[in-house]
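Trainee: This is my_file-v8.pdb (PDB, C-alpha atoms, pLDDT in the B column).
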```
ATOM      1  CA  MET J   1       0.000   0.000   0.000  1.00 82.00           C
ATOM      2  CA  PRO J   2       1.823   3.170  -1.130  1.00 88.00           C
ATOM      3  CA  PHE J   3       1.276   6.608   0.352  1.00 91.00           C
ATOM      4  CA  GLY J   4       3.058   9.668  -1.002  1.00 92.00           C
ATOM      5  CA  ILE J   5       4.063  13.063   0.281  1.00 94.00           C
ATOM      6  CA  LEU J   6       5.142  15.570  -2.338  1.00 93.00           C
ATOM      7  CA  ASP J   7       7.063  18.536  -1.025  1.00 92.00           C
ATOM      8  CA  VAL J   8       6.107  20.982  -3.762  1.00 89.00           C
ATOM      9  CA  ALA J   9       8.597  23.651  -2.653  1.00 85.00           C
ATOM     10  CA  ALA J  10      11.574  21.273  -2.879  1.00 86.00           C
ATOM     11  CA  SER J  11      10.166  18.999  -5.639  1.00 87.00           C
ATOM     12  CA  GLN J  12      10.970  16.069  -3.347  1.00 92.00           C
ATOM     13  CA  LEU J  13       8.782  12.982  -3.351  1.00 93.00           C
ATOM     14  CA  ALA J  14       8.604  10.629  -0.380  1.00 95.00           C
ATOM     15  CA  ILE J  15       6.821   7.298  -0.822  1.00 95.00           C
ATOM     16  CA  TYR J  16       5.838   5.218   2.182  1.00 95.00           C
ATOM     17  CA  PHE J  17       4.893   1.590   1.613  1.00 94.00           C
ATOM     18  CA  GLY J  18       2.778  -0.159   4.199  1.00 93.00           C
ATOM     19  CA  GLN J  19       1.887  -3.805   4.375  1.00 89.00           C
ATOM     20  CA  SER J  20      -1.484  -3.122   5.926  1.00 88.00           C
ATOM     21  CA  ALA J  21      -4.524  -1.020   5.102  1.00 88.00           C
ATOM     22  CA  GLU J  22      -4.416   2.677   4.257  1.00 91.00           C
ATOM     23  CA  THR J  23      -5.895   4.035   7.452  1.00 95.00           C
ATOM     24  CA  THR J  24      -5.824   7.378   9.202  1.00 96.00           C
ATOM     25  CA  ASP J  25      -3.175   6.075  11.594  1.00 96.00           C
ATOM     26  CA  PHE J  26      -0.975   4.814   8.736  1.00 96.00           C
ATOM     27  CA  ILE J  27      -1.204   8.175   6.973  1.00 96.00           C
ATOM     28  CA  MET J  28      -0.549  10.162  10.141  1.00 97.00           C
ATOM     29  CA  ASP J  29       2.409   7.961  11.085  1.00 97.00           C
ATOM     30  CA  CYS J  30       3.857   8.625   7.610  1.00 96.00           C
ATOM     31  CA  LEU J  31       3.283  12.374   7.950  1.00 97.00           C
ATOM     32  CA  GLU J  32       4.928  12.418  11.373  1.00 98.00           C
ATOM     33  CA  ALA J  33       7.910  10.411  10.081  1.00 97.00           C
ATOM     34  CA  TRP J  34       8.230  12.758   7.090  1.00 96.00           C
ATOM     35  CA  TRP J  35       8.155  15.831   9.344  1.00 97.00           C
ATOM     36  CA  ASP J  36      10.720  14.330  11.743  1.00 96.00           C
ATOM     37  CA  GLU J  37      13.058  13.723   8.802  1.00 94.00           C
ATOM     38  CA  TYR J  38      12.554  16.987   6.884  1.00 92.00           C
ATOM     39  CA  GLN J  39      11.620  19.683   9.398  1.00 93.00           C
ATOM     40  CA  SER J  40      15.217  20.922   9.500  1.00 94.00           C
ATOM     41  CA  TYR J  41      14.783  22.065   5.878  1.00 91.00           C
ATOM     42  CA  TYR J  42      12.101  24.508   7.007  1.00 92.00           C
ATOM     43  CA  PRO J  43      13.377  26.463   9.982  1.00 92.00           C
ATOM     44  CA  GLY J  44      11.038  29.142  11.176  1.00 92.00           C
ATOM     45  CA  ILE J  45       7.887  28.097   9.329  1.00 95.00           C
ATOM     46  CA  ASP J  46       4.706  28.367  11.321  1.00 96.00           C
ATOM     47  CA  THR J  47       2.150  26.947   8.856  1.00 97.00           C
ATOM     48  CA  LEU J  48       2.097  23.713   6.912  1.00 96.00           C
ATOM     49  CA  ALA J  49      -0.326  23.546   3.972  1.00 96.00           C
ATOM     50  CA  ILE J  50      -1.421  20.046   3.008  1.00 95.00           C
ATOM     51  CA  ASP J  51      -3.334  19.210  -0.180  1.00 93.00           C
ATOM     52  CA  LEU J  52      -5.573  16.171   0.256  1.00 91.00           C
ATOM     53  CA  ASP J  53      -7.877  14.100  -1.854  1.00 84.00           C
ATOM     54  CA  GLY J  54     -11.239  12.975  -0.573  1.00 78.00           C
ATOM     55  CA  GLY J  55     -10.044   9.514   0.386  1.00 84.00           C
ATOM     56  CA  PRO J  56     -11.833   7.820   3.271  1.00 88.00           C
ATOM     57  CA  SER J  57      -8.830   7.927   5.609  1.00 90.00           C
ATOM     58  CA  VAL J  58      -8.396  11.707   5.459  1.00 92.00           C
ATOM     59  CA  ARG J  59     -11.952  13.005   5.189  1.00 90.00           C
ATOM     60  CA  SER J  60     -12.553  16.078   7.264  1.00 90.00           C
ATOM     61  CA  ASN J  61     -15.286  14.362   9.266  1.00 90.00           C
ATOM     62  CA  ARG J  62     -13.231  11.307  10.285  1.00 92.00           C
ATOM     63  CA  THR J  63     -12.927  11.417  14.070  1.00 95.00           C
ATOM     64  CA  GLN J  64      -9.562   9.628  14.216  1.00 96.00           C
ATOM     65  CA  PHE J  65      -8.188  11.955  11.531  1.00 95.00           C
ATOM     66  CA  ILE J  66      -9.329  15.045  13.446  1.00 96.00           C
ATOM     67  CA  LYS J  67      -7.747  13.736  16.644  1.00 97.00           C
ATOM     68  CA  ARG J  68      -4.426  12.727  15.062  1.00 97.00           C
ATOM     69  CA  MET J  69      -4.100  15.909  12.992  1.00 97.00           C
ATOM     70  CA  VAL J  70      -4.748  18.144  16.022  1.00 98.00           C
ATOM     71  CA  GLU J  71      -2.206  16.127  18.020  1.00 98.00           C
ATOM     72  CA  PHE J  72       0.285  16.621  15.175  1.00 98.00           C
ATOM     73  CA  ALA J  73      -0.334  20.384  15.193  1.00 98.00           C
ATOM     74  CA  HIS J  74       0.181  20.499  18.969  1.00 97.00           C
ATOM     75  CA  ALA J  75       3.362  18.394  18.836  1.00 97.00           C
ATOM     76  CA  THR J  76       4.925  20.444  16.022  1.00 97.00           C
ATOM     77  CA  HIS J  77       3.518  23.854  17.058  1.00 97.00           C
ATOM     78  CA  LEU J  78       2.485  24.325  13.437  1.00 97.00           C
ATOM     79  CA  LYS J  79      -0.737  25.767  12.145  1.00 98.00           C
ATOM     80  CA  ILE J  80      -2.010  23.193   9.665  1.00 98.00           C
ATOM     81  CA  HIS J  81      -3.996  24.269   6.622  1.00 97.00           C
ATOM     82  CA  LEU J  82      -5.849  21.374   4.981  1.00 96.00           C
ATOM     83  CA  ILE J  83      -6.996  21.947   1.416  1.00 94.00           C
ATOM     84  CA  TYR J  84      -9.203  19.250  -0.098  1.00 93.00           C
ATOM     85  CA  TYR J  85      -9.702  18.586  -3.773  1.00 88.00           C
ATOM     86  CA  PRO J  86     -13.387  17.988  -4.528  1.00 83.00           C
ATOM     87  CA  PRO J  87     -14.477  14.729  -6.198  1.00 80.00           C
ATOM     88  CA  TYR J  88     -13.326  14.365  -9.809  1.00 79.00           C
ATOM     89  CA  HIS J  89     -10.681  17.065  -9.402  1.00 79.00           C
ATOM     90  CA  SER J  90      -7.732  14.902  -8.396  1.00 76.00           C
ATOM     91  CA  LYS J  91      -6.098  15.695 -11.736  1.00 79.00           C
ATOM     92  CA  TYR J  92      -5.198  19.081 -10.241  1.00 83.00           C
ATOM     93  CA  ASN J  93      -3.471  17.512  -7.226  1.00 83.00           C
ATOM     94  CA  PRO J  94       0.313  17.442  -7.896  1.00 85.00           C
ATOM     95  CA  ILE J  95       0.770  14.085  -6.132  1.00 84.00           C
ATOM     96  CA  GLU J  96      -1.363  12.453  -8.826  1.00 84.00           C
ATOM     97  CA  ARG J  97       1.335  13.270 -11.399  1.00 83.00           C
ATOM     98  CA  CYS J  98       3.830  11.450  -9.174  1.00 85.00           C
ATOM     99  CA  TRP J  99       1.653   8.333  -9.162  1.00 82.00           C
ATOM    100  CA  ALA J 100       1.351   8.516 -12.942  1.00 85.00           C
ATOM    101  CA  ALA J 101       5.160   8.692 -13.235  1.00 86.00           C
ATOM    102  CA  LEU J 102       5.558   5.688 -10.939  1.00 87.00           C
ATOM    103  CA  GLU J 103       2.933   3.674 -12.813  1.00 86.00           C
ATOM    104  CA  GLN J 104       4.566   4.500 -16.137  1.00 88.00           C
ATOM    105  CA  TYR J 105       8.013   3.603 -14.782  1.00 85.00           C
ATOM    106  CA  TRP J 106       7.049   0.148 -13.532  1.00 86.00           C
ATOM    107  CA  ASN J 107       4.429  -0.511 -16.216  1.00 88.00           C
ATOM    108  CA  GLY J 108       4.385  -4.194 -17.081  1.00 86.00           C
ATOM    109  CA  THR J 109       6.755  -5.167 -14.294  1.00 87.00           C
ATOM    110  CA  VAL J 110       5.714  -8.112 -12.186  1.00 88.00           C
ATOM    111  CA  LEU J 111       6.225  -7.058  -8.585  1.00 87.00           C
ATOM    112  CA  THR J 112       6.441 -10.335  -6.720  1.00 90.00           C
ATOM    113  CA  SER J 113       7.692  -9.024  -3.383  1.00 90.00           C
ATOM    114  CA  VAL J 114       7.758  -5.966  -1.184  1.00 90.00           C
ATOM    115  CA  GLU J 115      11.465  -5.638  -1.924  1.00 92.00           C
ATOM    116  CA  ASP J 116      10.726  -5.505  -5.680  1.00 91.00           C
ATOM    117  CA  ALA J 117       8.200  -2.700  -5.186  1.00 91.00           C
ATOM    118  CA  LEU J 118      10.598  -0.738  -2.968  1.00 94.00           C
ATOM    119  CA  ARG J 119      13.509  -1.165  -5.400  1.00 93.00           C
ATOM    120  CA  TRP J 120      11.449  -0.149  -8.432  1.00 91.00           C
ATOM    121  CA  ALA J 121       9.992   2.865  -6.656  1.00 93.00           C
ATOM    122  CA  ALA J 122      13.447   3.962  -5.447  1.00 93.00           C
ATOM    123  CA  ASN J 123      14.821   3.866  -9.009  1.00 91.00           C
ATOM    124  CA  MET J 124      12.138   6.002 -10.660  1.00 92.00           C
ATOM    125  CA  ARG J 125      12.691   9.731 -11.102  1.00 89.00           C
ATOM    126  CA  TRP J 126      10.553  12.678 -10.102  1.00 87.00           C
ATOM    127  CA  ASN J 127      11.868  15.987 -11.483  1.00 87.00           C
ATOM    128  CA  ASP J 128      15.204  14.239 -12.115  1.00 89.00           C
ATOM    129  CA  PHE J 129      15.514  13.061  -8.494  1.00 90.00           C
ATOM    130  CA  PRO J 130      14.802   9.655  -7.021  1.00 92.00           C
ATOM    131  CA  PRO J 131      12.069   9.593  -4.392  1.00 94.00           C
ATOM    132  CA  MET J 132      12.770   8.869  -0.771  1.00 95.00           C
ATOM    133  CA  VAL J 133      11.287   5.390  -0.268  1.00 96.00           C
ATOM    134  CA  HIS J 134      10.361   4.000   3.139  1.00 96.00           C
ATOM    135  CA  LEU J 135       8.838   0.767   4.364  1.00 96.00           C
ATOM    136  CA  VAL J 136       6.400   1.182   7.246  1.00 95.00           C
ATOM    137  CA  ASP J 137       6.084  -1.831   9.501  1.00 92.00           C
ATOM    138  CA  GLY J 138       3.019  -2.681  11.483  1.00 90.00           C
ATOM    139  CA  ILE J 139      -0.595  -3.601  11.058  1.00 93.00           C
ATOM    140  CA  TYR J 140      -3.103  -0.766  11.093  1.00 95.00           C
ATOM    141  CA  PRO J 141      -6.601  -1.662  12.280  1.00 94.00           C
ATOM    142  CA  LYS J 142      -9.535  -0.251  10.339  1.00 93.00           C
ATOM    143  CA  LYS J 143     -12.612   1.625  11.565  1.00 91.00           C
ATOM    144  CA  ILE J 144     -11.112   3.349  14.593  1.00 94.00           C
ATOM    145  CA  THR J 145     -13.470   6.046  15.815  1.00 94.00           C
ATOM    146  CA  VAL J 146     -13.199   8.541  18.628  1.00 96.00           C
ATOM    147  CA  PRO J 147     -16.259   8.973  20.866  1.00 96.00           C
ATOM    148  CA  ASP J 148     -17.904  12.413  20.772  1.00 94.00           C
ATOM    149  CA  ASP J 149     -17.020  13.288  24.365  1.00 96.00           C
ATOM    150  CA  GLU J 150     -13.352  12.469  23.764  1.00 96.00           C
ATOM    151  CA  LEU J 151     -13.323  14.334  20.428  1.00 96.00           C
ATOM    152  CA  GLU J 152     -14.826  17.580  21.769  1.00 96.00           C
ATOM    153  CA  PRO J 153     -11.522  19.174  22.949  1.00 96.00           C
ATOM    154  CA  TYR J 154      -9.959  18.446  19.545  1.00 96.00           C
ATOM    155  CA  LYS J 155     -12.787  20.113  17.641  1.00 94.00           C
ATOM    156  CA  GLN J 156     -11.957  23.418  19.341  1.00 95.00           C
ATOM    157  CA  HIS J 157      -8.758  23.543  17.239  1.00 96.00           C
ATOM    158  CA  TRP J 158     -10.523  22.462  14.016  1.00 95.00           C
ATOM    159  CA  GLN J 159     -11.717  25.588  12.170  1.00 96.00           C
ATOM    160  CA  ARG J 160     -13.698  25.204   8.979  1.00 95.00           C
ATOM    161  CA  SER J 161     -13.764  27.936   6.374  1.00 96.00           C
ATOM    162  CA  ASP J 162     -16.967  29.975   6.236  1.00 96.00           C
ATOM    163  CA  VAL J 163     -16.917  29.828   2.434  1.00 95.00           C
ATOM    164  CA  LEU J 164     -15.812  26.207   1.836  1.00 92.00           C
ATOM    165  CA  PRO J 165     -16.279  24.389   5.150  1.00 91.00           C
ATOM    166  CA  LYS J 166     -15.904  20.907   3.673  1.00 89.00           C
ATOM    167  CA  TRP J 167     -12.786  21.691   1.616  1.00 91.00           C
ATOM    168  CA  ASP J 168     -10.786  24.231   3.650  1.00 95.00           C
ATOM    169  CA  ILE J 169      -9.790  23.634   7.286  1.00 97.00           C
ATOM    170  CA  THR J 170      -7.270  25.295   9.574  1.00 98.00           C
ATOM    171  CA  ILE J 171      -5.956  23.618  12.695  1.00 97.00           C
ATOM    172  CA  GLN J 172      -4.520  25.903  15.372  1.00 95.00           C
ATOM    173  CA  PRO J 173      -1.931  24.430  17.741  1.00 94.00           C
ATOM    174  CA  ASP J 174      -2.011  25.134  21.480  1.00 87.00           C
TER     175      ASP J 174
END
```
Turn this file's structure into structure tokens for me.
Mentor:
Amino acid sequence: MPFGILDVAASQLAIYFGQSAETTDFIMDCLEAWWDEYQSYYPGIDTLAIDLDGGPSVRSNRTQFIKRMVEFAHATHLKIHLIYYPPYHSKYNPIERCWAALEQYWNGTVLTSVEDALRWAANMRWNDFPPMVHLVDGIYPKKITVPDDELEPYKQHWQRSDVLPKWDITIQPD
């Protein structure tokens, strides 16, 4: 299961491969690992803008996603700006071009093992650079929800846009 983070400013692609389901916790663990590795490239920033598709693991109404994203904002002291692409508009999301490049690169290749997928992904090029490829261990359970009473303190940091409340969210850290 691949998950990608495209740093548009640096044209750097990071691909995380999991051997479990694409869940909120998998995605958030990848984001946290990416930030731990690359935050030194961005000294002094106070806001991180993240473009997202409408996938089920990152929907703006997912309770586990709200909780984990607010915890990430608190831990990093970053204001997080989530920008969602509406349905049928993923062609405008830059990460989709990365997936197309990967699919074209390994087109027709029989990937018989995790190692094959990692090796092929590591040898592709994105803007003349190889991606950073990581294998994420662990099994991620599906359908984790946070009860309303536990979620309430997190919602205080979750601010929806007045104009596009479903597609534009800002998370304020403590």
Trainee: Give the answer as one residue: which of J:Ser57, J:Gln159, J:Asn93, J:Asn123 has the shortest atom-to-atom distance to Trp106 of chain J, using all atoms listed in the file?
Mentor: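 Looking only at the distances to Trp106 of chain J, the closest residue turns out to be J:Asn123.
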Trainee: Please list as JSON, numbers by chain every residue within 7 Å of segment 95-101 of chain J, counting only C-alpha atoms and excluding residues in the same chain fewer than 5 positions away.
Mentor: {"J": [6, 90, 126]}
Trainee: Can you write out the residues you just picked, keeping C-alpha atoms, as a PDB file, keeping the file's coordinate frame?
Mentor:
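What landed in again_17.pdb:
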```pdb
ATOM      1  CA  LEU J   6       5.142  15.570  -2.338  1.00 93.00           C
ATOM      2  CA  SER J  90      -7.732  14.902  -8.396  1.00 76.00           C
ATOM      3  CA  TRP J 126      10.553  12.678 -10.102  1.00 87.00           C
TER       4      TRP J 126
END
```
Trainee: Neighbours of Ala75 of chain J within 10 Å (only C-alpha atoms; same-chain residues fewer than 3 positions away dropped), as a list in words?
Mentor: Glu32, Met69, Val70, Glu71, Phe72, Leu78, Pro173 and Asp174 of chain J
Trainee: Between atom CA of Trp120 of chain J and atom CA of Leu102 of chain J, what distance in Å does the model show, to one decimal?
Mentor: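 Separation of atom CA of Trp120 of chain J and atom CA of Leu102 of chain J: 8.7 Å.
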Trainee: Mind giving me the straight-line distance from atom CA of Met132 of chain J to atom CA of Thr63 of chain J in Å, one decimal?
Mentor: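 Atom CA of Thr63 of chain J lies 29.8 Å from atom CA of Met132 of chain J.
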Trainee: At what distance in Å, to one decimal, does atom CA of Arg68 of chain J lie from atom CA of Leu13 of chain J?
Mentor: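 Separation between atom CA of Leu13 of chain J and atom CA of Arg68 of chain J: 22.7 Å.
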Trainee: Pick out the residues sitting within 8 Å of segment 138-149 of chain J, and hand them over as a list in words; count all atoms listed in the file, and ignore anything fewer than 6 positions along from it in its own chain.
Mentor: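 Contacts, with the query itself left out: Gly18, Gln19, Ser20, Ala21, Glu22, Thr23, Asp25, Phe26, Arg62, Thr63, Gln64 and Lys67 of chain J.
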Trainee: Check what the PyMOL selection byres ((chain J and resi 4) around 6) selects in the file above and give those residues as a list in words.
Mentor: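 Those residues are Phe3, Ile5, Ala14 and Ile15 of chain J.
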Trainee: Taking the file as shown, what set of residues would the PyMOL selection byres ((chain J and resi 2) around 6) give back, as a list in words?
Mentor: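 Going through the file, the PyMOL selection byres ((chain J and resi 2) around 6) ends up selecting Met1, Phe3, Tyr16 and Phe17 of chain J.
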Trainee: Just the residues within 8 Å of Pro87 of chain J, please, counting all atoms listed in the file, with nothing from its chain fewer than 2 positions along; format it as a PyMOL selection string.
Mentor: chain J and resi 53-54+85+89-90
Trainee: Pick the closest to Met28 of chain J from J:Val133, J:Ile66, J:Gln12, J:Pro43: which is it, counting all atoms listed in the file?
Mentor: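 Nearest to Met28 of chain J: J:Ile66.
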Trainee: Specify as a list in words each residue included when the PyMOL selection byres ((chain J and resi 171) around 7) is applied to this file.
Mentor: Val70, Ala73, Lys79, Ile80, His81, His157, Trp158, Gln159, Ile169, Thr170, Gln172 and Pro173 of chain J
Trainee: Quick one: residues within 10 Å of Met124 of chain J, all atoms listed in the file, excluding same-chain residues fewer than 5 positions away - as a ChimeraX atom specification?
Mentor: /J:101-106,119,129-131
Trainee: Put a box with edges along x, y and z around all the listed atoms of segment 83-93 of chain J, pad it by 5 Å on each side, then give me its centre and sizes in Å, one decimal, as JSON.
Mentor:
```
{"center_x": -9.0, "center_y": 18.2, "center_z": -5.2, "size_x": 21.0, "size_y": 17.6, "size_z": 23.2}
```
Trainee: Let me make sure I understand: among J:Glu37, J:Asp128, J:Asp29, J:Asp116, which one has the smallest atom-to-atom distance to Ser11 of chain J if we use only C-alpha atoms?
Mentor: J:Asp128
Trainee: J:Leu82, J:Val163, J:Leu151, J:Val136: which is nearest Arg59 of chain J, counting all atoms listed in the file?
Mentor: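 Among J:Leu82, J:Val163, J:Leu151, J:Val136, it is J:Leu82 that comes nearest to Arg59 of chain J.
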Trainee: From the options J:Ala121, J:Leu52, J:Ala33, J:Ile45, which residue's atoms come nearest to Thr109 of chain J, counting all atoms listed in the file?
Mentor: J:Ala121
